[in-house]
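S.K.: This is the structure I have questions about; it appears just below.
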Amino acid sequence: MIVFISGGARSGKSDVAEQWVVDAAGSAACYYLATAKVTDDEMAERVARHRQSRDEQRQTAQWKTIEAPLAIDQALSEVPDGSAVLLDCLTLWASQVLYASELSEDQGLALLTDSVTNARARNVHLVIVSNDINESLPPNDTETWRYLAFLQRAHRWLAAEADAVVEVIAGCALNWKPEQGKPQKERLL
């Protein structure tokens, strides 16, 4: 199953995504595919906060972290078939594709497509988190437009391919494309 979860910054989307992974994993290990590169104090604090959240869940789930700022396909190949994986986040991964690699935009999207296709073929329950960053005023510069366009191409493709599409607003999860048997609205965090 492929789940795409998006929302604004600090909306609670990672908490919602972690719960989807824990629920899917049952008693098996949960895998956290981290795309962040720690480059400053704020990012270090965010990573620490996410780790603490997962540590608090250790009573019900065991998390294994794989760091993959770009090579999400290789990272996914490291998890056993049928695993539950949280890829957090696509927004940071997109910046790696555009600004820290030699991949073209089309090659980046092909890497994402291959990763999702392979996860589905291996029965990996893959939950992908991304930020909604185009909800404000349009940017003034060309490079920001390029980034937004690339990320939105990825979002639109994921929304079409995913089995469930969830938007998180202020900790409330709205399932826009619910899987069979799941309610339209998720619980309030």
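Residues are named by chain letter and number: chains run A, B, ... in the order of the structure tokens, numbers start at 1 in each chain, and ligands are numbered from 1 in the order shown.
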Identify, on the basis of only C-alpha atoms, every residue whose closest approach to Leu151 of chain A does not exceed 12 Å; exclude the query and any residue fewer than 2 positions from it along the same chain; express the result as an MDAnalysis selection string.
M.R.: chainID A and resid 6 89:98 105:106 108:109 112 130:134 144:149 153:158
S.K.: For Ile5 of chain A, work out the shell of residues within 7 Å, counting only C-alpha atoms and skipping chain neighbours fewer than 6 positions away, then give it as a ChimeraX atom specification.
M.R.: /A:13,17,128-130,165-167
S.K.: Nearest to Ala34 of chain A: which of A:Glu18, A:Asp88, A:Asp73, A:Asp81 is it, counting only C-alpha atoms?
M.R.: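 Of the candidates, the smallest distance to Ala34 of chain A is held by A:Asp88.
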S.K.: Among segment 14-162 of chain A, which residues does DSSP mark as alpha helix (DSSP H) when it is run on the backbone? Keep the chain and numbering as in the structure and answer as a ChimeraX atom specification.
M.R.: /A:14-25,41-56,72-77,90-99,105-121,142-161
S.K.: Please provide as JSON, numbers by chain all residues within 9 Å of Ala24 of chain A, with the sequence filter that same-chain residues fewer than 3 positions apart are discarded (counting only C-alpha atoms).
M.R.: {"A": [19, 20, 21, 28, 30, 83, 84, 125]}
S.K.: For those residues, write all heavy atoms to a file as a short mmCIF file (atom, residue, chain, number, x, y, z; two decimals), in the first residue's frame.
M.R.:
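Final file, selection-v8.cif:
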data_model
loop_
_atom_site.label_atom_id
_atom_site.label_comp_id
_atom_site.auth_asym_id
_atom_site.auth_seq_id
_atom_site.Cartn_x
_atom_site.Cartn_y
_atom_site.Cartn_z
N GLN A 19 1.83 7.09 12.78
CA GLN A 19 0.76 6.20 13.24
C GLN A 19 0.32 5.25 12.14
O GLN A 19 0.07 4.08 12.40
CB GLN A 19 -0.44 7.02 13.76
CG GLN A 19 -1.45 6.16 14.48
CD GLN A 19 -0.84 5.46 15.70
OE1 GLN A 19 -0.28 6.10 16.57
NE2 GLN A 19 -0.95 4.14 15.73
N TRP A 20 0.25 5.74 10.89
CA TRP A 20 -0.08 4.85 9.77
C TRP A 20 0.95 3.72 9.67
O TRP A 20 0.59 2.57 9.45
CB TRP A 20 -0.10 5.62 8.45
CG TRP A 20 -1.38 6.31 8.13
CD1 TRP A 20 -1.86 7.46 8.68
CD2 TRP A 20 -2.36 5.91 7.17
NE1 TRP A 20 -3.06 7.80 8.12
CE2 TRP A 20 -3.40 6.87 7.19
CE3 TRP A 20 -2.45 4.84 6.29
CZ2 TRP A 20 -4.50 6.79 6.36
CZ3 TRP A 20 -3.56 4.76 5.46
CH2 TRP A 20 -4.57 5.72 5.51
N VAL A 21 2.23 4.06 9.83
CA VAL A 21 3.29 3.05 9.72
C VAL A 21 3.20 2.06 10.87
O VAL A 21 3.29 0.84 10.67
CB VAL A 21 4.68 3.71 9.63
CG1 VAL A 21 5.80 2.68 9.73
CG2 VAL A 21 4.80 4.51 8.34
N ALA A 28 5.91 -6.00 13.76
CA ALA A 28 7.18 -5.94 13.03
C ALA A 28 7.84 -4.57 13.21
O ALA A 28 7.22 -3.62 13.67
CB ALA A 28 6.95 -6.22 11.56
N CYS A 30 9.36 -0.95 12.28
CA CYS A 30 8.98 0.17 11.42
C CYS A 30 10.27 0.80 10.90
O CYS A 30 11.22 0.98 11.65
CB CYS A 30 8.21 1.22 12.22
SG CYS A 30 6.67 0.64 12.94
N SER A 83 7.52 -4.86 4.58
CA SER A 83 7.80 -3.93 5.68
C SER A 83 6.91 -2.69 5.62
O SER A 83 6.31 -2.40 4.59
CB SER A 83 9.26 -3.48 5.64
OG SER A 83 10.12 -4.56 5.84
N ALA A 84 6.87 -1.97 6.73
CA ALA A 84 6.19 -0.67 6.79
C ALA A 84 7.26 0.41 6.88
O ALA A 84 8.13 0.37 7.77
CB ALA A 84 5.26 -0.61 8.00
N HIS A 125 4.55 -1.41 2.68
CA HIS A 125 3.58 -0.37 3.04
C HIS A 125 4.39 0.92 3.16
O HIS A 125 5.09 1.13 4.15
CB HIS A 125 2.90 -0.72 4.36
CG HIS A 125 1.79 0.20 4.71
ND1 HIS A 125 0.47 -0.12 4.49
CD2 HIS A 125 1.79 1.44 5.24
CE1 HIS A 125 -0.30 0.88 4.88
NE2 HIS A 125 0.49 1.84 5.34
#
S.K.: What lies within 9 Å of Val16 of chain A using only C-alpha atoms, ignoring chain neighbours under 5 positions off, as a PyMOL selection string?
M.R.: chain A and resi 5+21+168+171-173+189
S.K.: Next, write the just-selected residues to a file, as a PDB file, in the first residue's frame, keeping N, CA and C atoms as the atom set.
M.R.:
ATOM      1  N   ILE A   5       0.931  11.572   2.382  1.00  0.00           N
ATOM      2  CA  ILE A   5       0.452  12.480   3.420  1.00  0.00           C
ATOM      3  C   ILE A   5       1.112  13.834   3.230  1.00  0.00           C
ATOM      4  N   VAL A  21       2.234   4.056   9.830  1.00  0.00           N
ATOM      5  CA  VAL A  21       3.286   3.048   9.718  1.00  0.00           C
ATOM      6  C   VAL A  21       3.200   2.057  10.875  1.00  0.00           C
ATOM      7  N   VAL A 168      -3.120  16.909   6.222  1.00  0.00           N
ATOM      8  CA  VAL A 168      -3.162  17.192   7.651  1.00  0.00           C
ATOM      9  C   VAL A 168      -3.195  18.701   7.847  1.00  0.00           C
ATOM     10  N   GLY A 171      -3.216  19.193  12.867  1.00  0.00           N
ATOM     11  CA  GLY A 171      -3.310  17.903  13.544  1.00  0.00           C
ATOM     12  C   GLY A 171      -4.485  17.049  13.136  1.00  0.00           C
ATOM     13  N   CYS A 172      -5.365  17.578  12.299  1.00  0.00           N
ATOM     14  CA  CYS A 172      -6.530  16.824  11.818  1.00  0.00           C
ATOM     15  C   CYS A 172      -6.210  16.248  10.443  1.00  0.00           C
ATOM     16  N   ALA A 173      -6.440  14.968  10.287  1.00  0.00           N
ATOM     17  CA  ALA A 173      -6.133  14.298   9.030  1.00  0.00           C
ATOM     18  C   ALA A 173      -7.409  14.080   8.230  1.00  0.00           C
ATOM     19  N   LEU A 189      -5.530  14.601  16.509  1.00  0.00           N
ATOM     20  CA  LEU A 189      -4.350  14.279  17.333  1.00  0.00           C
ATOM     21  C   LEU A 189      -4.347  15.104  18.584  1.00  0.00           C
TER      22      LEU A 189
END
S.K.: Looking at only C-alpha atoms, which of A:Ser11, A:Thr35, A:Asn140, A:Thr117 is the one that sits closest to Ser77 of chain A?
M.R.: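 Smallest separation from Ser77 of chain A among the options: A:Thr117.
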S.K.: Would you list, as a VMD selection string, the residues of segment 118-186 of chain A that end up in strand (DSSP E or B) under DSSP run on this structure's backbone?
M.R.: chain A and resid 125 to 131 164 to 169 172 to 175 185 to 186
S.K.: Write a file of the just-selected residues containing N, CA and C atoms, as a PDB file, in the first residue's frame.
M.R.:
ATOM      1  N   HIS A 125       4.552  -1.405   2.678  1.00  0.00           N
ATOM      2  CA  HIS A 125       3.579  -0.369   3.038  1.00  0.00           C
ATOM      3  C   HIS A 125       4.391   0.924   3.164  1.00  0.00           C
ATOM      4  N   LEU A 126       4.316   1.772   2.148  1.00  0.00           N
ATOM      5  CA  LEU A 126       5.144   2.979   2.066  1.00  0.00           C
ATOM      6  C   LEU A 126       4.290   4.211   2.306  1.00  0.00           C
ATOM      7  N   VAL A 127       4.636   4.958   3.346  1.00  0.00           N
ATOM      8  CA  VAL A 127       3.966   6.208   3.678  1.00  0.00           C
ATOM      9  C   VAL A 127       4.939   7.339   3.355  1.00  0.00           C
ATOM     10  N   ILE A 128       4.533   8.222   2.454  1.00  0.00           N
ATOM     11  CA  ILE A 128       5.395   9.314   2.003  1.00  0.00           C
ATOM     12  C   ILE A 128       4.817  10.636   2.498  1.00  0.00           C
ATOM     13  N   VAL A 129       5.650  11.410   3.192  1.00  0.00           N
ATOM     14  CA  VAL A 129       5.253  12.701   3.749  1.00  0.00           C
ATOM     15  C   VAL A 129       5.862  13.821   2.912  1.00  0.00           C
ATOM     16  N   SER A 130       5.078  14.887   2.702  1.00  0.00           N
ATOM     17  CA  SER A 130       5.596  16.063   2.017  1.00  0.00           C
ATOM     18  C   SER A 130       4.874  17.305   2.519  1.00  0.00           C
ATOM     19  N   ASN A 131       5.497  18.453   2.310  1.00  0.00           N
ATOM     20  CA  ASN A 131       4.927  19.733   2.719  1.00  0.00           C
ATOM     21  C   ASN A 131       4.115  20.350   1.594  1.00  0.00           C
ATOM     22  N   ALA A 164      -3.985   5.815  -0.720  1.00  0.00           N
ATOM     23  CA  ALA A 164      -4.630   6.777   0.177  1.00  0.00           C
ATOM     24  C   ALA A 164      -3.876   8.096   0.080  1.00  0.00           C
ATOM     25  N   VAL A 165      -4.626   9.204   0.084  1.00  0.00           N
ATOM     26  CA  VAL A 165      -4.049  10.544   0.055  1.00  0.00           C
ATOM     27  C   VAL A 165      -4.640  11.299   1.237  1.00  0.00           C
ATOM     28  N   VAL A 166      -3.755  11.743   2.134  1.00  0.00           N
ATOM     29  CA  VAL A 166      -4.186  12.359   3.382  1.00  0.00           C
ATOM     30  C   VAL A 166      -3.609  13.760   3.481  1.00  0.00           C
ATOM     31  N   GLU A 167      -4.455  14.718   3.847  1.00  0.00           N
ATOM     32  CA  GLU A 167      -4.016  16.085   4.102  1.00  0.00           C
ATOM     33  C   GLU A 167      -4.163  16.346   5.598  1.00  0.00           C
ATOM     34  N   VAL A 168      -3.120  16.909   6.222  1.00  0.00           N
ATOM     35  CA  VAL A 168      -3.162  17.192   7.651  1.00  0.00           C
ATOM     36  C   VAL A 168      -3.195  18.701   7.847  1.00  0.00           C
ATOM     37  N   ILE A 169      -4.210  19.145   8.600  1.00  0.00           N
ATOM     38  CA  ILE A 169      -4.375  20.559   8.919  1.00  0.00           C
ATOM     39  C   ILE A 169      -4.545  20.656  10.422  1.00  0.00           C
ATOM     40  N   CYS A 172      -5.365  17.578  12.299  1.00  0.00           N
ATOM     41  CA  CYS A 172      -6.530  16.824  11.818  1.00  0.00           C
ATOM     42  C   CYS A 172      -6.210  16.248  10.443  1.00  0.00           C
ATOM     43  N   ALA A 173      -6.440  14.968  10.287  1.00  0.00           N
ATOM     44  CA  ALA A 173      -6.133  14.298   9.030  1.00  0.00           C
ATOM     45  C   ALA A 173      -7.409  14.080   8.230  1.00  0.00           C
ATOM     46  N   LEU A 174      -7.405  14.552   6.997  1.00  0.00           N
ATOM     47  CA  LEU A 174      -8.527  14.362   6.094  1.00  0.00           C
ATOM     48  C   LEU A 174      -8.063  13.439   4.974  1.00  0.00           C
ATOM     49  N   ASN A 175      -8.732  12.314   4.844  1.00  0.00           N
ATOM     50  CA  ASN A 175      -8.355  11.331   3.839  1.00  0.00           C
ATOM     51  C   ASN A 175      -9.119  11.623   2.551  1.00  0.00           C
ATOM     52  N   LYS A 185     -12.722  10.776   7.458  1.00  0.00           N
ATOM     53  CA  LYS A 185     -11.965  11.655   8.352  1.00  0.00           C
ATOM     54  C   LYS A 185     -11.227  10.802   9.367  1.00  0.00           C
ATOM     55  N   GLU A 186      -9.973  11.156   9.595  1.00  0.00           N
ATOM     56  CA  GLU A 186      -9.157  10.466  10.598  1.00  0.00           C
ATOM     57  C   GLU A 186      -9.360  11.139  11.954  1.00  0.00           C
TER      58      GLU A 186
END
S.K.: Point out the residue among A:Lys177, A:Gly82, A:Ala100, A:Gly26 with the least atom-to-atom distance to Asn118 of chain A, counting only C-alpha atoms.
M.R.: A:Gly82
